[in-house]
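Next comes coords-v6.csv, a file with CSV, N, CA and C atoms.
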```csv
chain,number,residue,atom,x,y,z
I,491,MET,N,-20.4,33.1,-9.4
I,491,MET,CA,-21.6,34.0,-9.2
I,491,MET,C,-21.4,34.7,-7.9
I,492,GLY,N,-21.7,36.0,-7.9
I,492,GLY,CA,-21.5,36.9,-6.7
I,492,GLY,C,-22.8,37.1,-6.0
I,493,TRP,N,-22.7,37.9,-5.0
I,493,TRP,CA,-23.9,38.3,-4.2
I,493,TRP,C,-24.8,39.2,-4.9
I,494,VAL,N,-26.1,39.1,-4.7
I,494,VAL,CA,-27.0,40.0,-5.3
I,494,VAL,C,-27.9,40.6,-4.2
I,495,MET,N,-27.8,41.9,-4.0
I,495,MET,CA,-28.6,42.6,-3.0
I,495,MET,C,-30.0,42.7,-3.5
I,496,MET,N,-31.0,42.4,-2.6
I,496,MET,CA,-32.4,42.4,-2.9
I,496,MET,C,-33.2,42.9,-1.7
I,497,SER,N,-34.3,43.5,-2.0
I,497,SER,CA,-35.2,43.9,-0.9
I,497,SER,C,-36.1,42.8,-0.5
I,498,GLU,N,-36.8,43.0,0.6
I,498,GLU,CA,-37.7,41.9,1.1
I,498,GLU,C,-38.8,41.6,0.1
I,499,LEU,N,-39.3,42.7,-0.6
I,499,LEU,CA,-40.3,42.5,-1.6
I,499,LEU,C,-39.8,41.6,-2.7
I,500,GLU,N,-38.6,41.9,-3.2
I,500,GLU,CA,-38.0,41.1,-4.3
I,500,GLU,C,-37.8,39.7,-3.8
I,501,MET,N,-37.3,39.5,-2.6
I,501,MET,CA,-37.1,38.1,-2.1
I,501,MET,C,-38.5,37.3,-2.0
I,502,ARG,N,-39.5,38.0,-1.6
I,502,ARG,CA,-40.8,37.4,-1.5
I,502,ARG,C,-41.3,37.0,-2.9
I,503,ARG,N,-41.1,37.9,-3.9
I,503,ARG,CA,-41.4,37.6,-5.3
I,503,ARG,C,-40.7,36.3,-5.8
I,504,ILE,N,-39.4,36.2,-5.5
I,504,ILE,CA,-38.6,35.1,-5.9
I,504,ILE,C,-39.2,33.8,-5.3
I,505,GLU,N,-39.5,33.8,-4.0
I,505,GLU,CA,-40.1,32.7,-3.4
I,505,GLU,C,-41.4,32.2,-4.1
I,506,VAL,N,-42.3,33.2,-4.4
I,506,VAL,CA,-43.5,32.8,-5.0
I,506,VAL,C,-43.3,32.3,-6.5
I,507,LEU,N,-42.4,33.0,-7.2
I,507,LEU,CA,-42.1,32.5,-8.5
I,507,LEU,C,-41.5,31.1,-8.5
I,508,ALA,N,-40.6,30.8,-7.6
I,508,ALA,CA,-40.1,29.4,-7.5
I,508,ALA,C,-41.2,28.4,-7.2
I,509,GLN,N,-42.1,28.8,-6.4
I,509,GLN,CA,-43.3,27.9,-6.1
I,509,GLN,C,-44.1,27.7,-7.4
I,510,ILE,N,-44.3,28.7,-8.1
I,510,ILE,CA,-45.1,28.6,-9.4
I,510,ILE,C,-44.3,27.8,-10.4
I,511,ASP,N,-43.0,28.0,-10.5
I,511,ASP,CA,-42.2,27.3,-11.4
I,511,ASP,C,-42.1,25.8,-11.1
I,512,ASP,N,-42.2,25.4,-9.8
I,512,ASP,CA,-42.2,24.0,-9.4
I,512,ASP,C,-43.6,23.4,-9.5
I,513,GLY,N,-44.6,24.2,-9.7
I,513,GLY,CA,-46.0,23.6,-9.9
I,513,GLY,C,-46.7,23.5,-8.5
I,514,ARG,N,-46.1,24.0,-7.5
I,514,ARG,CA,-46.8,24.0,-6.2
I,514,ARG,C,-47.8,25.1,-6.0
I,515,LEU,N,-47.8,26.1,-6.8
I,515,LEU,CA,-48.7,27.2,-6.7
I,515,LEU,C,-49.1,27.6,-8.1
I,516,SER,N,-50.4,28.0,-8.2
I,516,SER,CA,-50.9,28.5,-9.5
I,516,SER,C,-50.5,29.9,-9.7
I,517,VAL,N,-50.5,30.4,-10.9
I,517,VAL,CA,-50.2,31.7,-11.3
I,517,VAL,C,-51.1,32.7,-10.6
I,518,GLU,N,-52.4,32.3,-10.6
I,518,GLU,CA,-53.4,33.2,-10.0
I,518,GLU,C,-53.2,33.4,-8.5
I,519,ALA,N,-53.0,32.2,-7.9
I,519,ALA,CA,-52.8,32.3,-6.4
I,519,ALA,C,-51.5,33.0,-6.1
I,520,GLY,N,-50.5,32.9,-6.9
I,520,GLY,CA,-49.2,33.6,-6.6
I,520,GLY,C,-49.4,35.1,-6.8
I,521,ALA,N,-50.2,35.5,-7.9
I,521,ALA,CA,-50.4,36.9,-8.1
I,521,ALA,C,-51.2,37.5,-7.0
I,522,ASN,N,-52.2,36.8,-6.5
I,522,ASN,CA,-52.9,37.3,-5.3
I,522,ASN,C,-52.1,37.4,-4.1
I,523,ASN,N,-51.1,36.5,-3.9
I,523,ASN,CA,-50.2,36.4,-2.8
I,523,ASN,C,-49.3,37.7,-2.7
I,524,ILE,N,-48.8,38.1,-3.8
I,524,ILE,CA,-48.0,39.3,-3.8
I,524,ILE,C,-48.6,40.5,-4.4
I,525,ALA,N,-49.9,40.5,-4.6
I,525,ALA,CA,-50.7,41.7,-5.0
I,525,ALA,C,-50.2,42.2,-6.4
I,526,LEU,N,-50.2,41.3,-7.3
I,526,LEU,CA,-49.9,41.6,-8.7
I,526,LEU,C,-51.0,41.0,-9.6
I,527,SER,N,-51.1,41.5,-10.8
I,527,SER,CA,-52.0,40.9,-11.8
I,527,SER,C,-51.4,39.6,-12.4
I,528,LYS,N,-52.3,38.8,-13.0
I,528,LYS,CA,-51.8,37.6,-13.6
I,528,LYS,C,-50.8,37.9,-14.7
I,529,ARG,N,-51.1,39.0,-15.4
I,529,ARG,CA,-50.3,39.4,-16.6
I,529,ARG,C,-48.9,39.8,-16.1
I,530,GLN,N,-48.8,40.5,-14.9
I,530,GLN,CA,-47.5,40.9,-14.4
I,530,GLN,C,-46.8,39.6,-13.9
I,531,MET,N,-47.5,38.7,-13.3
I,531,MET,CA,-46.9,37.4,-12.9
I,531,MET,C,-46.3,36.6,-14.1
I,532,PHE,N,-47.0,36.6,-15.2
I,532,PHE,CA,-46.4,35.9,-16.3
I,532,PHE,C,-45.2,36.6,-16.9
I,533,ARG,N,-45.2,38.0,-16.8
I,533,ARG,CA,-44.0,38.7,-17.2
I,533,ARG,C,-42.8,38.5,-16.3
I,534,LEU,N,-43.1,38.5,-15.0
I,534,LEU,CA,-42.0,38.2,-14.1
I,534,LEU,C,-41.5,36.7,-14.2
I,535,LEU,N,-42.4,35.8,-14.4
I,535,LEU,CA,-42.1,34.4,-14.5
I,535,LEU,C,-41.2,34.2,-15.8
I,536,LYS,N,-41.5,34.9,-16.8
I,536,LYS,CA,-40.7,34.7,-18.1
I,536,LYS,C,-39.3,35.2,-17.8
I,537,ARG,N,-39.1,36.3,-17.1
I,537,ARG,CA,-37.8,36.8,-16.8
I,537,ARG,C,-37.1,35.9,-15.8
I,538,TYR,N,-37.8,35.4,-14.8
I,538,TYR,CA,-37.3,34.5,-13.8
I,538,TYR,C,-36.7,33.2,-14.5
I,539,ARG,N,-37.5,32.7,-15.4
I,539,ARG,CA,-37.1,31.4,-16.1
I,539,ARG,C,-35.9,31.7,-17.0
I,540,ALA,N,-35.8,32.9,-17.6
I,540,ALA,CA,-34.7,33.2,-18.5
I,540,ALA,C,-33.4,33.5,-17.8
I,541,ASP,N,-33.4,34.3,-16.8
I,541,ASP,CA,-32.2,34.8,-16.2
I,541,ASP,C,-32.0,34.4,-14.7
I,542,GLY,N,-33.0,33.8,-14.1
I,542,GLY,CA,-32.8,33.4,-12.7
I,542,GLY,C,-33.3,34.5,-11.7
I,543,ALA,N,-32.9,34.3,-10.5
I,543,ALA,CA,-33.4,35.2,-9.4
I,543,ALA,C,-32.9,36.6,-9.6
I,544,SER,N,-31.7,36.8,-10.2
I,544,SER,CA,-31.2,38.2,-10.3
I,544,SER,C,-32.0,39.0,-11.3
I,545,ALA,N,-32.8,38.4,-12.1
I,545,ALA,CA,-33.6,39.1,-13.1
I,545,ALA,C,-34.8,39.9,-12.4
I,546,ILE,N,-35.1,39.5,-11.2
I,546,ILE,CA,-36.2,40.1,-10.5
I,546,ILE,C,-35.8,41.4,-9.8
I,547,ARG,N,-34.5,41.5,-9.6
I,547,ARG,CA,-34.0,42.7,-9.0
I,547,ARG,C,-34.3,44.0,-9.8
I,548,HIS,N,-34.5,45.1,-9.2
I,548,HIS,CA,-34.8,46.3,-9.9
I,548,HIS,C,-33.6,46.7,-10.7
I,549,LYS,N,-33.8,47.0,-12.0
I,549,LYS,CA,-32.7,47.2,-12.9
I,549,LYS,C,-31.9,48.5,-12.7
I,550,SER,N,-32.5,49.5,-12.1
I,550,SER,CA,-31.8,50.8,-11.9
I,550,SER,C,-31.1,50.9,-10.6
I,551,ARG,N,-31.0,49.8,-9.8
I,551,ARG,CA,-30.4,49.9,-8.5
I,551,ARG,C,-28.9,50.2,-8.7
I,552,GLY,N,-28.4,51.1,-8.0
I,552,GLY,CA,-27.0,51.5,-8.1
I,552,GLY,C,-26.6,52.5,-9.1
I,553,ARG,N,-27.6,52.9,-9.9
I,553,ARG,CA,-27.3,53.9,-10.9
I,553,ARG,C,-27.7,55.3,-10.4
I,554,ALA,N,-27.1,56.3,-11.0
I,554,ALA,CA,-27.5,57.7,-10.6
I,554,ALA,C,-28.8,58.0,-11.3
I,555,PRO,N,-29.6,58.9,-10.6
I,555,PRO,CA,-30.9,59.2,-11.2
I,555,PRO,C,-30.7,60.2,-12.4
I,556,ASN,N,-31.7,60.1,-13.3
I,556,ASN,CA,-31.6,61.0,-14.5
I,556,ASN,C,-31.8,62.4,-14.2
I,557,ASN,N,-32.5,62.8,-13.1
I,557,ASN,CA,-32.7,64.2,-12.8
I,557,ASN,C,-31.7,64.8,-11.8
I,558,ARG,N,-30.6,64.1,-11.7
I,558,ARG,CA,-29.5,64.6,-10.8
I,558,ARG,C,-28.9,65.9,-11.3
I,559,ILE,N,-28.7,66.8,-10.3
I,559,ILE,CA,-28.1,68.1,-10.7
I,559,ILE,C,-26.6,67.9,-10.7
I,560,HIS,N,-25.9,68.5,-11.7
I,560,HIS,CA,-24.5,68.4,-11.8
I,560,HIS,C,-23.8,69.0,-10.6
I,561,PRO,N,-22.8,68.4,-10.0
I,561,PRO,CA,-22.2,68.9,-8.7
I,561,PRO,C,-21.7,70.3,-8.8
I,562,ALA,N,-21.1,70.7,-10.0
I,562,ALA,CA,-20.6,72.1,-10.2
I,562,ALA,C,-21.8,73.1,-10.1
I,563,LYS,N,-22.9,72.8,-10.8
I,563,LYS,CA,-24.0,73.7,-10.8
I,563,LYS,C,-24.6,73.8,-9.4
I,564,ARG,N,-24.7,72.7,-8.7
I,564,ARG,CA,-25.2,72.7,-7.3
I,564,ARG,C,-24.3,73.6,-6.4
I,565,ASP,N,-23.0,73.4,-6.5
I,565,ASP,CA,-22.0,74.2,-5.7
I,565,ASP,C,-22.2,75.7,-6.0
I,566,TYR,N,-22.3,76.0,-7.3
I,566,TYR,CA,-22.4,77.4,-7.7
I,566,TYR,C,-23.7,78.0,-7.1
I,567,ALA,N,-24.8,77.3,-7.2
I,567,ALA,CA,-26.1,77.8,-6.7
I,567,ALA,C,-26.0,78.0,-5.1
I,568,LEU,N,-25.4,77.1,-4.5
I,568,LEU,CA,-25.2,77.2,-3.0
I,568,LEU,C,-24.4,78.4,-2.6
I,569,ASN,N,-23.3,78.6,-3.4
I,569,ASN,CA,-22.4,79.8,-3.1
I,569,ASN,C,-23.2,81.1,-3.4
I,570,VAL,N,-23.9,81.2,-4.4
I,570,VAL,CA,-24.7,82.4,-4.7
I,570,VAL,C,-25.7,82.7,-3.6
I,571,ILE,N,-26.4,81.6,-3.1
I,571,ILE,CA,-27.3,81.8,-2.0
I,571,ILE,C,-26.6,82.2,-0.7
I,572,LYS,N,-25.5,81.6,-0.4
I,572,LYS,CA,-24.8,82.0,0.8
I,572,LYS,C,-24.2,83.4,0.8
I,573,GLU,N,-23.8,83.9,-0.4
I,573,GLU,CA,-23.2,85.2,-0.5
I,573,GLU,C,-24.3,86.3,-0.6
I,574,SER,N,-25.2,86.1,-1.4
I,574,SER,CA,-26.2,87.1,-1.6
I,574,SER,C,-27.4,87.1,-0.7
I,575,TYR,N,-27.8,85.9,-0.3
I,575,TYR,CA,-29.0,85.7,0.5
I,575,TYR,C,-28.8,84.9,1.8
I,576,ALA,N,-27.8,85.4,2.5
I,576,ALA,CA,-27.4,84.6,3.7
I,576,ALA,C,-28.5,84.5,4.8
I,577,ASP,N,-29.5,85.5,4.8
I,577,ASP,CA,-30.5,85.5,5.8
I,577,ASP,C,-31.8,84.8,5.3
I,578,PHE,N,-31.7,84.2,4.1
I,578,PHE,CA,-32.9,83.4,3.6
I,578,PHE,C,-32.9,82.0,4.2
I,579,GLY,N,-34.1,81.5,4.5
I,579,GLY,CA,-34.2,80.1,4.9
I,579,GLY,C,-34.2,79.2,3.7
I,580,PRO,N,-34.3,78.0,3.8
I,580,PRO,CA,-34.2,77.1,2.6
I,580,PRO,C,-35.4,77.2,1.7
I,581,THR,N,-36.6,77.4,2.3
I,581,THR,CA,-37.8,77.5,1.5
I,581,THR,C,-37.8,78.8,0.6
I,582,LEU,N,-37.4,79.9,1.2
I,582,LEU,CA,-37.4,81.2,0.5
I,582,LEU,C,-36.2,81.1,-0.5
I,583,ALA,N,-35.1,80.5,-0.2
I,583,ALA,CA,-34.0,80.4,-1.2
I,583,ALA,C,-34.4,79.6,-2.4
I,584,ALA,N,-35.2,78.5,-2.2
I,584,ALA,CA,-35.7,77.7,-3.2
I,584,ALA,C,-36.6,78.4,-4.2
I,585,GLU,N,-37.4,79.4,-3.7
I,585,GLU,CA,-38.3,80.1,-4.5
I,585,GLU,C,-37.5,81.1,-5.4
```
Could you spell out this file's structure in structure tokens?
Amino acid sequence: MGWVMMSELEMRRIEVLAQIDDGRLSVEAGANNIALSKRQMFRLLKRYRADGASAIRHKSRGRAPNNRIHPAKRDYALNVIKESYADFGPTLAAE
């Protein structure tokens, strides 16, 4: 098993879920502790029990965003702006 990068929020969620799973904390108290609803806590607890701590990590971490501009299109747009509109600032060029 390798390393799993997690944020502080995700680490706190895992701590609370482990306490709930051990019976040291109720679902309602855990939900209040990390500002989630009971329904969300049950959803997270189900994933935690099935796949362990790595299931709590955000699923799209490390992936490219869906609205990313293709690098060739971005380079073309920047070249057009530099050649034709060299005196424009970034706000005016965006319009």
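Neighbours of I:Val506 closer than or equal to 9 Å, with only C-alpha atoms counted and sequence neighbours fewer than 6 positions away skipped, come out as I:Leu515, I:Gly520, I:Ala521, I:Asn523, I:Ile524.
You will find atom C of I:Arg553 at 19.7 Å from atom C of I:Glu500.
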Atom CA of I:Pro580 to atom C of I:Gly552: how many Å, to one decimal?
28.3 Å
In terms of only C-alpha atoms, the residue from I:Leu526, I:Leu507, I:Met496, I:Leu535 at minimal distance from I:Lys549 is I:Met496
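What separates atom CA of I:Lys528 from atom CA of I:Ile504 is a distance of 15.5 Å.
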